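What follows is the content of my_file_19.cif (mmCIF, C-alpha atoms).
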data_protein
#
loop_
_atom_site.label_atom_id
_atom_site.label_comp_id
_atom_site.auth_asym_id
_atom_site.auth_seq_id
_atom_site.Cartn_x
_atom_site.Cartn_y
_atom_site.Cartn_z
CA MET G 405 -24.32 2.07 -41.22
CA LYS G 406 -21.03 0.69 -40.16
CA THR G 407 -20.84 -2.88 -39.06
CA THR G 408 -18.89 -4.52 -36.34
CA ASN G 409 -16.74 -6.14 -38.99
CA LYS G 410 -14.64 -3.00 -39.11
CA THR G 411 -12.12 -3.26 -36.34
CA ASP G 412 -9.13 -1.53 -34.89
CA ALA G 413 -6.16 -3.61 -33.95
CA ALA G 414 -5.70 -3.49 -30.22
CA GLY G 415 -2.82 -5.90 -30.24
CA SER G 416 -2.26 -9.55 -29.70
CA SER G 417 0.04 -11.47 -27.51
CA PRO G 418 0.71 -15.02 -26.44
CA THR G 419 -0.41 -14.01 -22.96
CA VAL G 420 -2.89 -16.53 -21.64
CA LEU G 421 -6.20 -15.15 -20.47
CA PRO G 422 -7.01 -16.13 -16.87
CA ALA G 423 -9.34 -19.12 -16.70
CA ASP G 424 -12.29 -17.21 -15.26
CA LEU G 425 -12.11 -14.61 -18.03
CA THR G 426 -11.68 -17.31 -20.66
CA ALA G 427 -14.90 -18.91 -19.45
CA LEU G 428 -16.65 -15.54 -19.30
CA PHE G 429 -15.79 -14.66 -22.88
CA ALA G 430 -16.45 -18.18 -24.11
CA ASN G 431 -19.99 -17.93 -22.75
CA ALA G 432 -20.58 -14.47 -24.22
CA ARG G 433 -23.02 -14.35 -27.05
CA GLN G 434 -21.25 -13.92 -30.37
CA LEU G 435 -23.37 -11.90 -32.77
CA ASP G 436 -23.85 -13.46 -36.19
CA ALA G 437 -24.54 -11.32 -39.25
CA ALA G 438 -28.29 -11.41 -38.67
CA ALA G 439 -27.89 -10.27 -35.07
CA VAL G 440 -25.61 -7.43 -36.15
CA ARG G 441 -28.26 -6.36 -38.66
CA GLU G 442 -30.84 -6.40 -35.87
CA LEU G 443 -28.65 -4.18 -33.74
CA GLU G 444 -28.08 -1.83 -36.66
CA ALA G 445 -31.83 -1.66 -37.30
CA ALA G 446 -32.48 -0.89 -33.63
CA ALA G 447 -29.96 1.95 -33.78
CA ARG G 448 -31.43 3.26 -37.04
CA ALA G 449 -34.87 3.29 -35.45
CA LEU G 450 -33.57 5.75 -32.87
CA ASP G 451 -32.96 8.31 -35.60
CA HIS G 452 -36.63 8.09 -36.56
CA ASP G 453 -37.86 8.48 -32.99
CA PRO G 454 -38.50 12.19 -32.27
CA ALA G 455 -38.63 11.55 -28.53
CA PHE G 456 -35.18 9.95 -28.61
CA VAL G 457 -33.75 12.70 -30.84
CA ALA G 458 -35.11 15.36 -28.48
CA ASP G 459 -33.81 13.54 -25.41
CA TYR G 460 -30.36 13.15 -27.00
CA LEU G 461 -30.21 16.85 -27.92
CA LYS G 462 -31.32 17.80 -24.41
CA GLY G 463 -28.47 15.71 -23.08
CA ILE G 464 -25.99 17.49 -25.35
CA ALA G 465 -27.37 20.89 -24.31
CA VAL G 466 -27.15 20.03 -20.61
CA GLU G 467 -23.53 18.94 -21.02
CA ASP G 468 -22.77 22.18 -22.88
CA ILE G 469 -24.33 24.16 -20.03
CA LEU G 470 -22.38 22.19 -17.41
CA GLN G 471 -19.17 22.74 -19.37
CA ALA G 472 -19.89 26.47 -19.66
CA LEU G 473 -20.55 26.71 -15.92
CA GLU G 474 -17.27 24.92 -15.23
CA GLU G 475 -15.23 27.02 -17.66
CA THR G 476 -16.68 30.39 -16.67
CA GLY G 477 -16.88 29.72 -12.95
CA ILE G 478 -20.52 30.79 -12.90
CA SER G 479 -22.45 29.06 -10.12
CA LYS G 480 -25.91 27.63 -10.58
CA ASN G 481 -27.22 30.28 -8.20
CA GLU G 482 -25.64 33.03 -10.27
CA LEU G 483 -27.01 31.50 -13.46
CA ALA G 484 -30.48 31.40 -11.91
CA GLY G 485 -30.09 35.08 -11.06
CA ARG G 486 -29.07 35.95 -14.60
CA LEU G 487 -32.08 34.03 -15.92
CA GLY G 488 -34.43 35.61 -13.41
CA LYS G 489 -35.38 32.11 -12.28
CA THR G 490 -34.97 30.03 -9.16
CA ARG G 491 -32.06 27.70 -8.44
CA GLN G 492 -34.62 24.87 -8.50
CA TYR G 493 -35.56 25.75 -12.07
CA VAL G 494 -31.92 25.57 -13.15
CA SER G 495 -31.54 22.21 -11.42
CA ASN G 496 -34.67 20.91 -13.12
CA VAL G 497 -33.31 21.89 -16.53
CA LEU G 498 -29.94 20.31 -15.78
CA ASN G 499 -31.70 17.16 -14.56
CA GLU G 500 -33.67 17.05 -17.82
CA ASN G 501 -36.80 17.03 -15.72
CA ALA G 502 -39.70 16.20 -18.02
CA ARG G 503 -41.92 18.73 -16.23
CA VAL G 504 -39.70 21.61 -17.33
CA ASN G 505 -40.61 23.17 -20.64
CA PHE G 506 -37.34 22.64 -22.54
CA THR G 507 -37.78 24.79 -25.63
CA ILE G 508 -35.57 26.69 -28.03
CA ASP G 509 -36.45 29.76 -25.96
CA THR G 510 -35.09 27.95 -22.89
CA LEU G 511 -31.86 27.11 -24.69
CA ALA G 512 -31.52 30.66 -25.99
CA GLN G 513 -31.99 32.08 -22.49
CA PHE G 514 -29.32 29.77 -21.07
CA SER G 515 -26.85 30.42 -23.88
CA VAL G 516 -27.23 34.20 -23.59
CA ALA G 517 -26.95 34.08 -19.80
CA LEU G 518 -23.74 32.05 -20.15
CA GLY G 519 -22.31 34.23 -22.90
CA ARG G 520 -22.44 31.34 -25.34
CA GLN G 521 -24.04 30.98 -28.75
CA LEU G 522 -26.83 28.62 -29.72
CA CYS G 523 -26.66 26.73 -33.02
CA ILE G 524 -29.71 24.86 -34.28
CA ARG G 525 -30.05 23.60 -37.83
CA ILE G 526 -32.24 21.05 -39.57
CA LEU G 527 -30.03 19.36 -42.14
CA PRO G 528 -30.24 16.60 -44.73
CA LYS G 529 -28.82 13.30 -43.49
CA THR G 530 -25.99 13.75 -45.96
CA GLN G 531 -24.76 16.89 -44.19
CA GLN G 532 -23.06 17.30 -40.85
CA MET G 533 -22.32 20.30 -38.68
CA HIS G 534 -18.71 21.06 -37.86
CA VAL G 535 -17.60 22.74 -34.68
CA PHE G 536 -15.13 25.55 -35.13
CA ARG G 537 -13.16 26.96 -32.28
CA THR G 538 -12.65 30.70 -32.59
CA LEU G 539 -9.34 31.97 -31.28
CA PRO G 540 -8.56 35.65 -30.71
CA VAL G 541 -5.11 36.37 -32.16
CA THR G 542 -3.06 39.49 -32.70
CA VAL G 543 -0.97 39.88 -35.84
CA GLU G 544 1.86 42.39 -35.95
CA PRO G 545 2.48 44.08 -39.32
CA SER G 546 5.57 42.92 -41.13
CA PRO G 547 7.96 45.83 -41.94
CA GLN G 548 8.58 44.54 -45.46
CA PHE G 549 4.87 44.93 -46.31
CA GLU G 550 4.32 48.34 -44.81
CA THR G 551 5.39 50.28 -47.92
CA GLN G 552 3.58 48.13 -50.46
CA PRO G 553 0.31 49.26 -52.07
CA ILE G 554 -2.97 47.98 -50.80
CA ALA G 555 -4.49 47.39 -54.25
CA ASP G 556 -5.53 43.87 -55.25
CA THR G 557 -4.83 42.63 -51.79
CA PHE G 558 -7.22 39.74 -51.95
CA THR G 559 -7.09 38.93 -55.64
CA THR G 560 -3.34 38.60 -55.70
CA GLY G 561 -2.95 37.17 -52.27
CA ASN G 562 -0.63 40.00 -51.19
CA PHE G 563 -1.82 40.69 -47.71
CA VAL G 564 -0.39 44.10 -46.85
CA ASN G 565 -0.62 46.72 -44.19
CA ILE G 566 -2.37 44.50 -41.72
CA PRO G 567 -3.08 46.66 -38.70
CA SER G 568 -1.83 45.39 -35.40
CA SER G 569 -5.30 44.90 -34.06
CA SER G 570 -7.03 41.78 -32.96
CA PHE G 571 -9.08 39.75 -35.34
CA GLN G 572 -10.57 36.32 -35.25
CA MET G 573 -9.06 33.16 -36.63
CA LYS G 574 -10.96 29.95 -36.97
CA GLU G 575 -9.50 26.59 -36.22
CA GLU G 576 -11.42 23.44 -36.94
CA TYR G 577 -11.50 20.71 -34.35
CA GLU G 578 -9.56 17.77 -35.63
CA LEU G 579 -11.25 14.41 -35.38
CA SER G 580 -8.20 12.94 -33.71
CA ARG G 581 -7.81 15.73 -31.18
CA ILE G 582 -6.67 14.42 -27.83
CA PRO G 583 -8.57 16.16 -25.05
CA ALA G 584 -6.71 17.71 -22.20
CA MET M 799 -5.07 -14.37 -27.08
CA GLN M 800 -6.17 -11.84 -29.68
CA LEU M 801 -7.53 -8.44 -28.69
CA ARG M 802 -9.32 -6.09 -31.01
CA LEU M 803 -11.66 -3.14 -30.83
CA VAL M 804 -14.95 -3.25 -32.71
CA GLU M 805 -17.46 -0.56 -33.55
CA ILE M 806 -20.88 -0.23 -32.01
CA PRO M 807 -23.77 -0.19 -34.51
CA GLY M 808 -25.50 3.18 -34.33
CA ILE M 809 -22.43 5.10 -33.16
CA GLU M 810 -21.40 7.05 -36.23
CA ALA M 811 -18.50 9.33 -37.14
CA GLN M 812 -20.39 12.44 -36.03
CA HIS M 813 -20.70 10.93 -32.56
CA GLN M 814 -16.94 10.36 -32.30
CA THR M 815 -15.35 13.72 -32.96
CA VAL M 816 -13.21 13.66 -29.81
CA TRP M 817 -13.04 10.00 -28.87
CA ARG M 818 -13.59 6.86 -30.89
CA VAL M 819 -16.03 4.59 -29.08
CA ARG M 820 -15.27 0.89 -29.32
CA VAL M 821 -15.95 -2.46 -27.68
CA LEU M 822 -13.13 -4.70 -26.52
CA GLU M 823 -13.13 -8.16 -28.06
CA ILE M 824 -10.97 -11.02 -26.90
CA ASP M 825 -10.65 -13.93 -29.25
CA ARG M 826 -13.54 -12.52 -31.29
CA ARG M 827 -15.97 -12.41 -28.39
CA ASN M 828 -17.15 -9.46 -26.38
CA LEU M 829 -19.30 -8.86 -23.32
CA VAL M 830 -21.22 -5.86 -24.63
CA LEU M 831 -22.94 -6.15 -28.01
CA GLY M 832 -25.01 -9.21 -27.14
CA ASN M 833 -26.43 -7.42 -24.13
CA LEU M 834 -27.01 -4.26 -26.15
CA LEU M 835 -29.04 -6.32 -28.61
CA GLN M 836 -30.98 -7.92 -25.78
CA TRP M 837 -31.76 -4.52 -24.25
CA SER M 838 -32.91 -3.21 -27.64
CA LYS M 839 -35.52 -5.97 -27.65
CA ASN M 840 -36.51 -6.41 -24.03
CA SER M 841 -35.58 -3.18 -22.25
CA ILE M 842 -36.04 -0.44 -24.76
CA SER M 843 -35.94 2.36 -22.18
CA ASP M 844 -32.56 1.15 -20.92
CA TYR M 845 -31.31 0.69 -24.49
CA LYS M 846 -32.29 4.23 -25.48
CA LYS M 847 -30.65 5.77 -22.43
CA ILE M 848 -27.41 3.84 -22.96
CA MET M 849 -27.35 4.72 -26.67
CA LYS M 850 -28.03 8.36 -25.85
CA VAL M 851 -24.93 8.54 -23.68
CA LEU M 852 -22.87 6.43 -26.09
CA ARG M 853 -23.66 8.99 -28.81
CA MET M 854 -22.68 11.85 -26.52
CA ILE M 855 -19.58 10.48 -24.90
CA GLY M 856 -17.36 10.52 -27.98
CA GLN M 857 -18.16 14.17 -28.68
CA MET M 858 -16.99 15.65 -25.40
CA ASP M 859 -13.78 15.68 -23.45
CA ARG M 860 -15.79 14.10 -20.64
CA ILE M 861 -19.38 13.83 -19.49
CA ARG M 862 -19.98 16.00 -16.44
CA ASP M 863 -23.48 14.81 -15.54
CA GLU M 864 -23.03 11.95 -13.06
CA LYS M 865 -26.47 10.64 -13.87
CA LYS M 866 -25.06 9.71 -17.26
CA VAL M 867 -21.46 8.75 -16.54
CA LYS M 868 -19.98 8.01 -13.16
CA LYS M 869 -16.47 7.08 -12.15
CA SER M 870 -15.99 4.18 -9.79
CA SER M 871 -15.74 5.53 -6.27
CA ASN M 872 -13.47 2.64 -5.28
CA PRO M 873 -9.86 3.87 -5.59
CA ASP M 874 -8.73 0.27 -6.20
CA HIS M 875 -10.57 0.35 -9.52
CA GLY M 876 -8.54 3.19 -10.96
CA ASP M 877 -9.81 5.18 -13.91
CA ILE M 878 -12.97 3.15 -14.61
CA TYR M 879 -16.38 4.54 -15.50
CA GLU M 880 -19.94 3.40 -16.05
CA ILE M 881 -22.54 4.67 -18.48
CA ARG M 882 -25.84 4.75 -16.65
CA ALA M 883 -29.39 4.36 -17.87
CA ASP M 884 -30.66 6.97 -15.40
CA LYS M 885 -33.51 5.67 -13.24
CA ASP M 886 -33.20 2.33 -15.07
CA SER M 887 -31.02 -0.75 -14.64
CA ALA M 888 -28.56 -1.01 -17.55
CA ARG M 889 -24.93 -0.07 -16.98
CA LEU M 890 -22.02 -0.17 -19.42
CA MET M 891 -18.47 -0.13 -18.07
CA PHE M 892 -15.64 1.57 -19.93
CA PHE M 893 -12.26 3.22 -19.66
CA TYR M 894 -10.43 5.90 -21.61
CA ASP M 895 -7.35 5.00 -23.62
CA ARG M 896 -5.74 8.43 -23.42
CA ARG M 897 -2.68 7.51 -25.39
CA GLU M 898 -2.36 8.39 -29.04
CA GLN M 899 -5.42 6.36 -29.97
CA SER M 900 -7.96 8.47 -28.03
CA VAL M 901 -10.38 5.61 -27.61
CA ILE M 902 -13.20 4.93 -25.20
CA VAL M 903 -13.04 1.18 -24.63
CA CYS M 904 -16.31 -0.43 -23.53
CA THR M 905 -15.66 -3.71 -21.77
CA ASN M 906 -18.66 -5.19 -19.99
CA THR M 907 -22.20 -4.54 -18.83
CA TYR M 908 -24.05 -4.77 -15.57
CA TRP M 909 -27.75 -5.08 -14.86
CA LYS M 910 -28.61 -3.34 -11.64
CA ALA M 911 -31.55 -5.46 -10.51
CA LYS M 912 -31.28 -4.21 -6.95
CA ALA M 913 -29.08 -1.85 -5.03
CA SER M 914 -26.12 -4.19 -4.70
CA GLN M 915 -22.80 -2.50 -4.09
CA SER M 916 -20.92 -5.79 -4.38
CA GLU M 917 -22.29 -6.58 -7.84
CA GLN M 918 -21.52 -3.09 -9.06
CA ASP M 919 -18.04 -3.37 -7.55
CA ALA M 920 -17.56 -6.67 -9.36
CA ALA M 921 -18.53 -5.07 -12.67
CA PHE M 922 -16.07 -2.22 -12.11
CA ALA M 923 -13.39 -4.70 -11.05
CA LEU M 924 -13.93 -6.75 -14.21
CA CYS M 925 -13.58 -3.61 -16.31
CA ASN M 926 -10.37 -2.78 -14.48
CA ARG M 927 -8.95 -6.26 -15.11
CA LEU M 928 -9.78 -5.98 -18.80
CA LYS M 929 -8.17 -2.53 -18.86
CA GLN M 930 -4.95 -4.04 -17.47
CA ILE M 931 -5.03 -6.79 -20.10
CA TYR M 932 -5.69 -4.25 -22.85
CA GLU M 933 -2.87 -1.98 -21.73
CA ASN M 934 -0.43 -4.85 -21.31
CA ASN M 935 -1.11 -5.92 -24.87
CA GLN M 936 -0.53 -2.53 -26.49
#
Write out the structure in this file as structure tokens.
Amino acid sequence: MKTTNKTDAAGSSPTVLPADLTALFANARQLDAAAVRELEAAARALDHDPAFVADYLKGIAVEDILQALEETGISKNELAGRLGKTRQYVSNVLNENARVNFTIDTLAQFSVALGRQLCIRILPKTQQMHVFRTLPVTVEPSPQFETQPIADTFTTGNFVNIPSSSFQMKEEYELSRIPA
Amino acid sequence: MQLRLVEIPGIEAQHQTVWRVRVLEIDRRNLVLGNLLQWSKNSISDYKKIMKVLRMIGQMDRIRDEKKVKKSSNPDHGDIYEIRADKDSARLMFFYDRREQSVIVCTNTYWKAKASQSEQDAAFALCNRLKQIYENNQ
């Protein structure tokens, strides 16, 4: 668990803070080490709370659905039609309505209807999932390779006679990626 | 005046794949973590809802569900947002630092005891003032 001792420099300047803000910050509670440990323990407890974990994952799923709707231009009405459900049902899922049965089946139905894929894993705490973005690319064959033999292509690293057809290339999201 | 950004306990690397999520400190004091600790003790429902969104917000380009994150509707406030504990009272104000740092900077909190537009406006306005100070000190 990281502590608040680790900081990023945001800059410093001789600029004087306005008096009202000076008073505001002066009166703010400064967490001592014990208080930071309390806050860390509270956060750790969330990871052991199945209701919180489920609620968090529902939130992620809802955001993924909203993003898919935005990117594909599919309306909620159209999505309801694809699911064979009512618009109200879709709204209830997107509102994380507790009365809606939010199961893996539900997620699978939404992901298929949106043309997306569903990824669910149960992992050790020491492992993390990475998101890969799959980009369709087309590679044209290089003339200098066209007459070379195909043998030992992969063992020698001589990639030859690549057909000019589409294949998939994976690109990992970088942690520092700046969103559009 | 010294500004720095500090981490939030419970927001780990896997929650910050797109944005880093930090709290703004001025002269080693901040307006967020003390309240977060208080909520974790006295308003656990609010605390869980805020932490849920805090863990989501750094993983996505933006949160689209306005029950979780809402931009100030006052154009004078600029690009200022609040994390909402939906159906509860806790609010956490923040802004995006979209420059090379890619940071979500949390500045202050607000407890919505009643439907008071002026108090909410004041919280957004405070966040906007802190954003100006932050940007002027980069």
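Against this structure, the PyMOL selection byres ((chain M and resi 877) around 12) ends up with Lys868, Lys869, Ser870, Ser871, Asn872, Pro873, Asp874, His875, Gly876, Ile878, Tyr879, Glu880, Met891, Phe892, Phe893, Tyr894, Asp895, Arg896, Ile902, Val903, Phe922, Ala923, Cys925, Asn926, Arg927, Lys929 and Gln930 of chain M.
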Go through the shown structure with the PyMOL selection byres ((chain M) within 8 of (chain G)) and write out the matching residues as a tab-separated table (two decimals) with C-alpha atoms, in the frame of the given file.
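Result file out.tsv:
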chain	number	residue	atom	x	y	z
M	799	MET	CA	-5.07	-14.37	-27.08
M	800	GLN	CA	-6.17	-11.84	-29.68
M	801	LEU	CA	-7.53	-8.44	-28.69
M	802	ARG	CA	-9.32	-6.09	-31.01
M	803	LEU	CA	-11.66	-3.14	-30.83
M	804	VAL	CA	-14.95	-3.25	-32.71
M	805	GLU	CA	-17.46	-0.56	-33.55
M	806	ILE	CA	-20.88	-0.23	-32.01
M	807	PRO	CA	-23.77	-0.19	-34.51
M	808	GLY	CA	-25.50	3.18	-34.33
M	810	GLU	CA	-21.40	7.05	-36.23
M	812	GLN	CA	-20.39	12.44	-36.03
M	814	GLN	CA	-16.94	10.36	-32.30
M	815	THR	CA	-15.35	13.72	-32.96
M	816	VAL	CA	-13.21	13.66	-29.81
M	817	TRP	CA	-13.04	10.00	-28.87
M	824	ILE	CA	-10.97	-11.02	-26.90
M	826	ARG	CA	-13.54	-12.52	-31.29
M	827	ARG	CA	-15.97	-12.41	-28.39
M	828	ASN	CA	-17.15	-9.46	-26.38
M	829	LEU	CA	-19.30	-8.86	-23.32
M	831	LEU	CA	-22.94	-6.15	-28.01
M	832	GLY	CA	-25.01	-9.21	-27.14
M	834	LEU	CA	-27.01	-4.26	-26.15
M	835	LEU	CA	-29.04	-6.32	-28.61
M	838	SER	CA	-32.91	-3.21	-27.64
M	846	LYS	CA	-32.29	4.23	-25.48
M	850	LYS	CA	-28.03	8.36	-25.85
M	851	VAL	CA	-24.93	8.54	-23.68
M	854	MET	CA	-22.68	11.85	-26.52
M	859	ASP	CA	-13.78	15.68	-23.45
M	861	ILE	CA	-19.38	13.83	-19.49
M	862	ARG	CA	-19.98	16.00	-16.44
M	863	ASP	CA	-23.48	14.81	-15.54
M	896	ARG	CA	-5.74	8.43	-23.42
M	898	GLU	CA	-2.36	8.39	-29.04
M	900	SER	CA	-7.96	8.47	-28.03
M	932	TYR	CA	-5.69	-4.25	-22.85
M	935	ASN	CA	-1.11	-5.92	-24.87
M	936	GLN	CA	-0.53	-2.53	-26.49
What is the CA of Ile478 (chain G)-CA of Ile855 (chain M) distance in Å, reported with one decimal? 23.6 Å
Evaluate the PyMOL selection byres ((chain M and resi 883) around 6) and report residues as a ChimeraX atom specification: /M:844,847-848,882,884,886,888
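By chain and then residue number, the residues within 8 Å of Lys480 (chain G) are Leu473, Ala484, Arg491, Val494 and Ser495 of chain G, counting only C-alpha atoms and disregarding those fewer than 4 positions away in sequence.
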